[in-house]
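Student: Handing you this structure, nothing more for now.
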Amino acid sequence: MFCRRCSFLLAVLLVFATASLQAADWSVPLAGNAFRTAPAPGTQGFPRGEGGVHWKDPDAVYSVFFRIDRPAVLQLAVQARGFESSVALEVRVAQESFSTTIDGDAFQQHALGRVSVAEPGYVRVDLRQADAADPGKLEIRELVIASETEGLTLDYVRSNQGSMFYWGRRGPSVHLRYAVPTERPVQYAYSEVTVPVGEDPIGSYFMANGFGEGYFGIQVNGPAERRVLFSVWSPFRTDNPDEIPADQRIVALAKGRQVQVGEFGNEGSGGQSYLVYPWKAGTTYRFLTEVRPDGKGNTIYTSWFGNRADQQWRLIASFRRPQTDTHLRGFHAFLENFSPAFGYLERRARYGNVWVRDVAGQWHACRQARFSVDATGRGAHRLDFAGGTTGATFFLRNGGFFDDRVPPGTIFRRTASEGGPPEIAFAALPRD
């Protein structure tokens with residue numbers, strides 16, 4: 001079964017062609033631009049480096065995505081090879097399909113056909129073996145595209161430089177940097193996150209309370225596991241936690257019931273805590289983070305989590321960061337996908353009721369945020385990213401190869417009011 005194609009395509013006309021393409025202006029490597037989309041997402045068939053996608057499951061469908069900046073007529077081909085026997089390859093765009101035969105153990109260019117795309121945006125090309133009952137071995141390295149459309153530009157992941165095949169398949173990460181008052185130091189950050197039903201695929205991290213030295217939010221780790229995650233970076237910069245000197249390690253001071261505490265690496269290193277918790281899409285959760293110096297050259301970071309409806313708080317963890325003397329700084333939120341196999345699926349979250357509390361006990365509503373995107377988006381490797389406001393809430397959106405993106409640097413302002421500041425009995429918060 002083929003998945004529904006991106007909604008922007010209003011009309012697609014396929015004209016079957018048997019002649020080889022005369023020239024190829026773009027070669028789209030499948031290693032960085034294709035996903036297994038049926039019968040289920042997965043990593044099977046994908047290379048670790050720069051090789052082609054290798055069919056191991058005859059029922060598998062691999063979908064290739066690229067973006068065009070204007071209506072165009074495209075000539076399509078594949079660089080592919082077959083093993084042991086010829087393989088019938090079926091290609092589908094929207095509801096139209098055509099096929100070719102792949103044979104020979106050397107990579108060759110095989111013409112597919114001509115596609116007329118009526119509007120700019122992402123194009124999805126689905127590839128599958130035509131006869132699953134008589135499967136052959138098949139490897140496809142590139143989707144080859146040529147066009148005589150004047151001035152046409154294609155956006156896709158072009159090479160694996162900087163491991164971009166991995167990062168490109170994960171998709172762009174998007175961020176909200178909140179405007180906070182500067183008259184007095186800020187001690188607490190509070191926010192609420194709601195993930196709409198159906199916008200929570202595996203690999204999603206909905207980060208609620210980010211600060212200069214760490215982050216706090218909820219994850220989808222697998223079909224049956226979800227987590228609340230709170231981490232603080234060490235002041236020693238390394239991706240290997242074993243390299244951190246003893247006097248620069250993050251120290252866990254307390255943790256909540258059933259919370260796991262340890263170390264993390266590969267994205268900087270530091271202390272990490274997580275709670276396996278069955279949070280649900282469509283439910284609003286609240287997050288509270290305290291950042292305060294201890295007067296001895298260290299800073300204490302503590303985070304609490306709860307379901308807004310039950311008005312209960314549970315401690316996640318409290319960490320001490322050495323060689324740090326600060327209150328809350330760099331308050332932000334972000335949305336990312338950490339699983340490349342699920343990078344073609346859309347995810348979205350609403351960030352509402354965002355407040356900070358200064359050291360004098362005064363609450364301040366955060367009504368303005370600056371939108372940004374990571375290097376995957378800035379480099380136009382992926383352009384499916386957006387953010388904005390809906391009433392009293394901000395929102396972030398990524399993945400899914402949608403086309404209505406929002407420029408990085410856009411300032412969002414919430415105009416609606418969510419009411420007064422949160423009512424929190426700070427003295428009653430669990431601390432061990």
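Identifiers for the structure tokens are assigned positionally: chains receive A, B, ... in sequence, residues are indexed from 1 per chain, and ligands are indexed from 1 in the order shown.
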Compile the contact shell of Lys255 (chain A) as a list in words: residues with an atom at most 7 Å away, counting only C-alpha atoms, same-chain residues fewer than 3 positions apart removed.
Tutor: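 Everything that qualifies: Val259, Leu315, Ile316, Ala317, Ser318 and Asp432 of chain A.
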Student: Would you save the residues from that selection as a CSV table (one decimal), in the first residue's frame, using N, CA and C atoms?
Tutor:
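Final file, result-v3.csv:
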```
chain,number,residue,atom,x,y,z
A,259,VAL,N,12.5,7.6,39.0
A,259,VAL,CA,13.3,8.4,38.1
A,259,VAL,C,14.7,7.7,38.0
A,315,LEU,N,8.7,15.4,41.5
A,315,LEU,CA,10.1,15.8,41.3
A,315,LEU,C,10.7,14.9,40.2
A,316,ILE,N,11.4,15.4,39.3
A,316,ILE,CA,12.1,14.6,38.4
A,316,ILE,C,13.6,14.5,38.9
A,317,ALA,N,14.3,15.6,39.1
A,317,ALA,CA,15.6,15.5,39.6
A,317,ALA,C,16.1,16.9,40.0
A,318,SER,N,17.2,16.9,40.8
A,318,SER,CA,17.9,18.1,41.1
A,318,SER,C,19.4,17.8,40.9
A,432,ASP,N,12.8,15.6,47.4
A,432,ASP,CA,13.6,14.4,47.5
A,432,ASP,C,12.7,13.2,47.4
```
Student: Using only C-alpha atoms, determine which residues lie at most 7 Å from region 104-107 of chain A, disregarding the query and same-chain residues fewer than 3 positions distant; provide the list as a compact mmCIF listing (two decimals) with N, CA and C atoms, in the first residue's frame.
Tutor:
```txt
# COMPACT_ATOMS: atom_id res chain seq x y z
N GLN A 79 19.53 5.24 -10.58
CA GLN A 79 20.77 4.50 -10.64
C GLN A 79 20.57 3.27 -9.77
N ALA A 80 20.54 2.11 -10.41
CA ALA A 80 20.15 0.90 -9.68
C ALA A 80 20.85 -0.32 -10.25
N ARG A 81 20.80 -1.39 -9.47
CA ARG A 81 21.30 -2.68 -9.94
C ARG A 81 20.46 -3.79 -9.34
N GLY A 82 20.40 -4.92 -10.05
CA GLY A 82 19.71 -6.10 -9.55
C GLY A 82 20.72 -7.21 -9.30
N PHE A 83 20.35 -8.16 -8.46
CA PHE A 83 21.23 -9.27 -8.15
C PHE A 83 20.52 -10.57 -8.48
```
Student: Which residues in region 43-279 of chain A does DSSP call strand (DSSP E or B)? List them as number ranges by chain.
Tutor: A: 53-55, 61-68, 72-83, 87-93, 96-102, 108-117, 121-129, 137-146, 154-155, 174-178, 186-194, 204-211, 214-222, 225-233, 251-255, 259-264, 270-276
Student: Limited to C-alpha atoms, could you put the picked residues into a file as a CSV table (one decimal), in the first residue's frame?
Tutor:
```csv
chain,number,residue,atom,x,y,z
A,53,VAL,CA,19.0,1.4,-0.4
A,54,HIS,CA,19.0,-2.4,-0.5
A,55,TRP,CA,15.6,-4.1,-0.6
A,61,VAL,CA,8.1,0.8,-0.1
A,62,TYR,CA,10.8,3.4,0.0
A,63,SER,CA,9.7,7.0,-0.6
A,64,VAL,CA,12.1,9.7,-1.9
A,65,PHE,CA,11.4,13.4,-1.2
A,66,PHE,CA,12.8,16.5,-2.9
A,67,ARG,CA,11.5,20.0,-3.3
A,68,ILE,CA,11.0,22.1,-6.4
A,72,ALA,CA,8.1,21.9,-13.7
A,73,VAL,CA,8.3,19.0,-16.0
A,74,LEU,CA,10.7,16.4,-14.7
A,75,GLN,CA,12.4,13.5,-16.3
A,76,LEU,CA,13.0,10.7,-13.8
A,77,ALA,CA,15.5,7.8,-13.7
A,78,VAL,CA,17.2,5.7,-11.1
A,79,GLN,CA,20.8,4.5,-10.6
A,80,ALA,CA,20.2,0.9,-9.7
A,81,ARG,CA,21.3,-2.7,-9.9
A,82,GLY,CA,19.7,-6.1,-9.6
A,83,PHE,CA,21.2,-9.3,-8.2
A,87,VAL,CA,13.6,-7.1,-10.8
A,88,ALA,CA,10.4,-5.2,-11.9
A,89,LEU,CA,10.4,-1.8,-10.2
A,90,GLU,CA,7.1,0.1,-9.8
A,91,VAL,CA,7.1,3.8,-9.3
A,92,ARG,CA,4.2,5.9,-8.1
A,93,VAL,CA,3.5,9.6,-7.8
A,96,GLU,CA,-0.3,7.3,-11.2
A,97,SER,CA,2.3,4.6,-11.6
A,98,PHE,CA,4.8,3.3,-14.1
A,99,SER,CA,7.5,0.6,-14.1
A,100,THR,CA,10.8,-0.5,-15.4
A,101,THR,CA,13.1,-3.6,-15.1
A,102,ILE,CA,16.3,-3.6,-13.2
A,108,GLN,CA,23.1,1.5,-14.4
A,109,GLN,CA,20.8,4.4,-15.2
A,110,HIS,CA,17.2,3.2,-15.8
A,111,ALA,CA,14.7,5.6,-17.3
A,112,LEU,CA,11.4,5.9,-15.5
A,113,GLY,CA,9.3,8.6,-17.2
A,114,ARG,CA,8.2,12.2,-17.4
A,115,VAL,CA,6.3,13.9,-14.6
A,116,SER,CA,4.5,17.2,-14.8
A,117,VAL,CA,4.2,18.9,-11.4
A,121,GLY,CA,6.7,22.2,-3.2
A,122,TYR,CA,7.8,18.8,-2.1
A,123,VAL,CA,7.5,15.9,-4.6
A,124,ARG,CA,7.2,12.4,-3.3
A,125,VAL,CA,8.3,9.4,-5.4
A,126,ASP,CA,7.3,5.9,-4.1
A,127,LEU,CA,9.4,2.9,-5.1
A,128,ARG,CA,8.6,-0.8,-4.7
A,129,GLN,CA,9.2,-4.2,-6.2
A,137,LYS,CA,17.5,-8.5,-5.0
A,138,LEU,CA,17.5,-4.8,-5.7
A,139,GLU,CA,19.7,-1.8,-4.8
A,140,ILE,CA,19.0,1.8,-5.7
A,141,ARG,CA,21.6,4.5,-5.2
A,142,GLU,CA,20.1,7.6,-6.7
A,143,LEU,CA,16.9,9.1,-8.1
A,144,VAL,CA,18.1,11.0,-11.2
A,145,ILE,CA,16.2,14.1,-12.3
A,146,ALA,CA,16.5,16.3,-15.4
A,154,LEU,CA,15.7,21.6,-6.2
A,155,ASP,CA,16.3,21.3,-2.5
A,174,VAL,CA,12.8,24.1,15.5
A,175,HIS,CA,13.0,26.5,18.5
A,176,LEU,CA,11.3,29.2,20.4
A,177,ARG,CA,13.5,31.7,22.3
A,178,TYR,CA,11.3,33.5,24.8
A,186,VAL,CA,14.9,35.0,37.0
A,187,GLN,CA,14.7,31.9,39.3
A,188,TYR,CA,11.8,29.8,37.9
A,189,ALA,CA,10.5,28.9,34.4
A,190,TYR,CA,7.0,27.5,34.0
A,191,SER,CA,5.3,26.3,30.8
A,192,GLU,CA,2.6,23.9,29.5
A,193,VAL,CA,2.8,21.6,26.5
A,194,THR,CA,0.0,19.9,24.6
A,204,SER,CA,9.8,13.1,19.0
A,205,TYR,CA,11.2,15.2,21.7
A,206,PHE,CA,8.9,18.0,22.9
A,207,MET,CA,11.2,20.2,24.9
A,208,ALA,CA,9.4,22.5,27.2
A,209,ASN,CA,11.8,24.3,29.5
A,210,GLY,CA,15.2,24.9,28.0
A,211,PHE,CA,17.9,27.0,29.6
A,214,GLY,CA,20.2,22.1,29.8
A,215,TYR,CA,16.7,21.1,28.9
A,216,PHE,CA,13.5,19.5,30.2
A,217,GLY,CA,10.6,17.9,28.2
A,218,ILE,CA,8.8,14.7,27.0
A,219,GLN,CA,9.8,12.1,24.5
A,220,VAL,CA,8.4,9.2,22.4
A,221,ASN,CA,11.0,6.5,22.7
A,222,GLY,CA,9.1,3.6,21.2
A,225,GLU,CA,7.6,3.7,26.0
A,226,ARG,CA,7.5,7.4,26.7
A,227,ARG,CA,9.7,9.5,29.0
A,228,VAL,CA,10.0,12.7,30.8
A,229,LEU,CA,13.6,13.8,30.3
A,230,PHE,CA,15.7,16.4,32.2
A,231,SER,CA,19.4,16.9,31.5
A,232,VAL,CA,22.1,19.4,32.5
A,233,TRP,CA,25.4,19.8,30.5
A,251,VAL,CA,26.2,15.9,40.6
A,252,ALA,CA,22.7,14.5,41.2
A,253,LEU,CA,21.4,15.9,44.5
A,254,ALA,CA,17.9,14.3,44.4
A,255,LYS,CA,15.6,12.4,42.2
A,259,VAL,CA,13.3,8.4,38.1
A,260,GLN,CA,16.6,7.0,36.5
A,261,VAL,CA,19.7,9.2,36.9
A,262,GLY,CA,22.9,8.8,34.9
A,263,GLU,CA,25.2,10.5,32.3
A,264,PHE,CA,24.8,11.3,28.6
A,270,GLY,CA,26.5,15.8,31.5
A,271,GLY,CA,23.9,14.5,33.9
A,272,GLN,CA,20.6,13.1,32.7
A,273,SER,CA,17.5,12.0,34.4
A,274,TYR,CA,14.3,10.4,33.0
A,275,LEU,CA,11.0,9.0,34.2
A,276,VAL,CA,9.3,6.4,32.1
```
Student: Between CA of Ala31 (chain A) and CA of Gln95 (chain A), what is the distance, to one decimal in Å?
Tutor: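 Computed distance, CA of Ala31 (chain A) to CA of Gln95 (chain A), equals 25.1 Å.
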Student: Taking 6 positions as the minimum chain separation for residues in the same chain, which residues sit within 10 Å of Ala40 (chain A) when counting only C-alpha atoms? Answer as a PyMOL selection string.
Tutor: chain A and resi 60-61+341-342
Student: Take the residues just selected and output them with C-alpha atoms as an mmCIF file, in the first residue's frame.
Tutor:
```
data_model
loop_
_atom_site.group_PDB
_atom_site.id
_atom_site.type_symbol
_atom_site.label_atom_id
_atom_site.label_comp_id
_atom_site.auth_asym_id
_atom_site.auth_seq_id
_atom_site.Cartn_x
_atom_site.Cartn_y
_atom_site.Cartn_z
ATOM 1 C CA ALA A 60 8.867 -2.603 1.446
ATOM 2 C CA VAL A 61 8.063 0.784 -0.071
ATOM 3 C CA ALA A 341 13.481 6.274 10.317
ATOM 4 C CA PHE A 342 10.568 8.504 11.405
#
```
Student: What does the distance from CA of Gly297 (chain A) to CA of Gln323 (chain A) come to in Å, to one decimal?
Tutor: 5.6 Å
Student: Would you kindly return, as a PyMOL selection string, each protein, DNA or RNA residue with an atom no farther than 10 Å from any atom of region 351-360 of chain A, considering only C-alpha atoms and excluding same-chain residues fewer than 3 positions away?
Tutor: chain A and resi 176+178+180-195+206-209+284-290+292+327-328+331+333-334+363-368+389-396+414+417-422
Student: Could you check how far CA of Gln248 (chain A) sits from CA of Arg431 (chain A), in Å to one decimal?
Tutor: 23.4 Å
Student: Which is closest to Ala34 (chain A) among A:Thr153, A:Arg348, A:Arg169, A:Gly212, if we use only C-alpha atoms?
Tutor: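 Ranking A:Thr153, A:Arg348, A:Arg169, A:Gly212 by distance to Ala34 (chain A), first place goes to A:Arg169.
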Student: Please identify all polymer residues within 12 Å of Pro340 (chain A), counting only C-alpha atoms, omitting same-chain residues fewer than 4 positions from it, and present them as a list in words.
Tutor: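 In the requested format, the answer is Ala31, Gly32, Asn33, Ala34, Phe35, Arg36, Pro41, Gly42, Thr43, Gln44, Phe46, Arg48, Met164, Phe165, Tyr166, Trp167, Gly168, Arg169, Arg170, Gly171, Pro172, Pro201, Ile202, Gly203, Ser204, Glu336, Tyr344, Leu345 and Gly399 of chain A.
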Student: Okay, now the selection with C-alpha atoms, as a PDB file, in the first residue's frame?
Tutor:
```pdb
ATOM      1  CA  ALA A  31      20.742   7.325   1.605  1.00  0.00           C
ATOM      2  CA  GLY A  32      19.818  10.839   2.709  1.00  0.00           C
ATOM      3  CA  ASN A  33      16.428  11.465   1.099  1.00  0.00           C
ATOM      4  CA  ALA A  34      14.455   8.209   1.235  1.00  0.00           C
ATOM      5  CA  PHE A  35      12.423   6.558   3.973  1.00  0.00           C
ATOM      6  CA  ARG A  36      10.819   3.180   4.366  1.00  0.00           C
ATOM      7  CA  PRO A  41       8.735   2.782   9.089  1.00  0.00           C
ATOM      8  CA  GLY A  42      12.099   1.234   9.790  1.00  0.00           C
ATOM      9  CA  THR A  43      15.834   1.215   9.140  1.00  0.00           C
ATOM     10  CA  GLN A  44      15.959  -2.049   7.209  1.00  0.00           C
ATOM     11  CA  PHE A  46      19.441   1.664   4.712  1.00  0.00           C
ATOM     12  CA  ARG A  48      25.321   3.304   7.376  1.00  0.00           C
ATOM     13  CA  MET A 164      24.112  15.086   6.761  1.00  0.00           C
ATOM     14  CA  PHE A 165      22.432  11.904   5.511  1.00  0.00           C
ATOM     15  CA  TYR A 166      21.760  11.095   9.169  1.00  0.00           C
ATOM     16  CA  TRP A 167      20.769  14.647  10.170  1.00  0.00           C
ATOM     17  CA  GLY A 168      18.735  15.199   7.013  1.00  0.00           C
ATOM     18  CA  ARG A 169      16.661  12.083   7.580  1.00  0.00           C
ATOM     19  CA  ARG A 170      16.061  13.179  11.182  1.00  0.00           C
ATOM     20  CA  GLY A 171      14.688  16.454   9.835  1.00  0.00           C
ATOM     21  CA  PRO A 172      14.998  20.045  11.050  1.00  0.00           C
ATOM     22  CA  PRO A 201       5.427   9.776  16.169  1.00  0.00           C
ATOM     23  CA  ILE A 202       8.310   7.778  17.588  1.00  0.00           C
ATOM     24  CA  GLY A 203      11.479   9.826  17.925  1.00  0.00           C
ATOM     25  CA  SER A 204       9.762  13.063  18.950  1.00  0.00           C
ATOM     26  CA  GLU A 336      13.069  17.685  17.377  1.00  0.00           C
ATOM     27  CA  TYR A 344       9.241  11.799   7.142  1.00  0.00           C
ATOM     28  CA  LEU A 345       6.366  12.027   9.646  1.00  0.00           C
ATOM     29  CA  GLY A 399       8.693  16.830   9.540  1.00  0.00           C
TER      30      GLY A 399
END
```
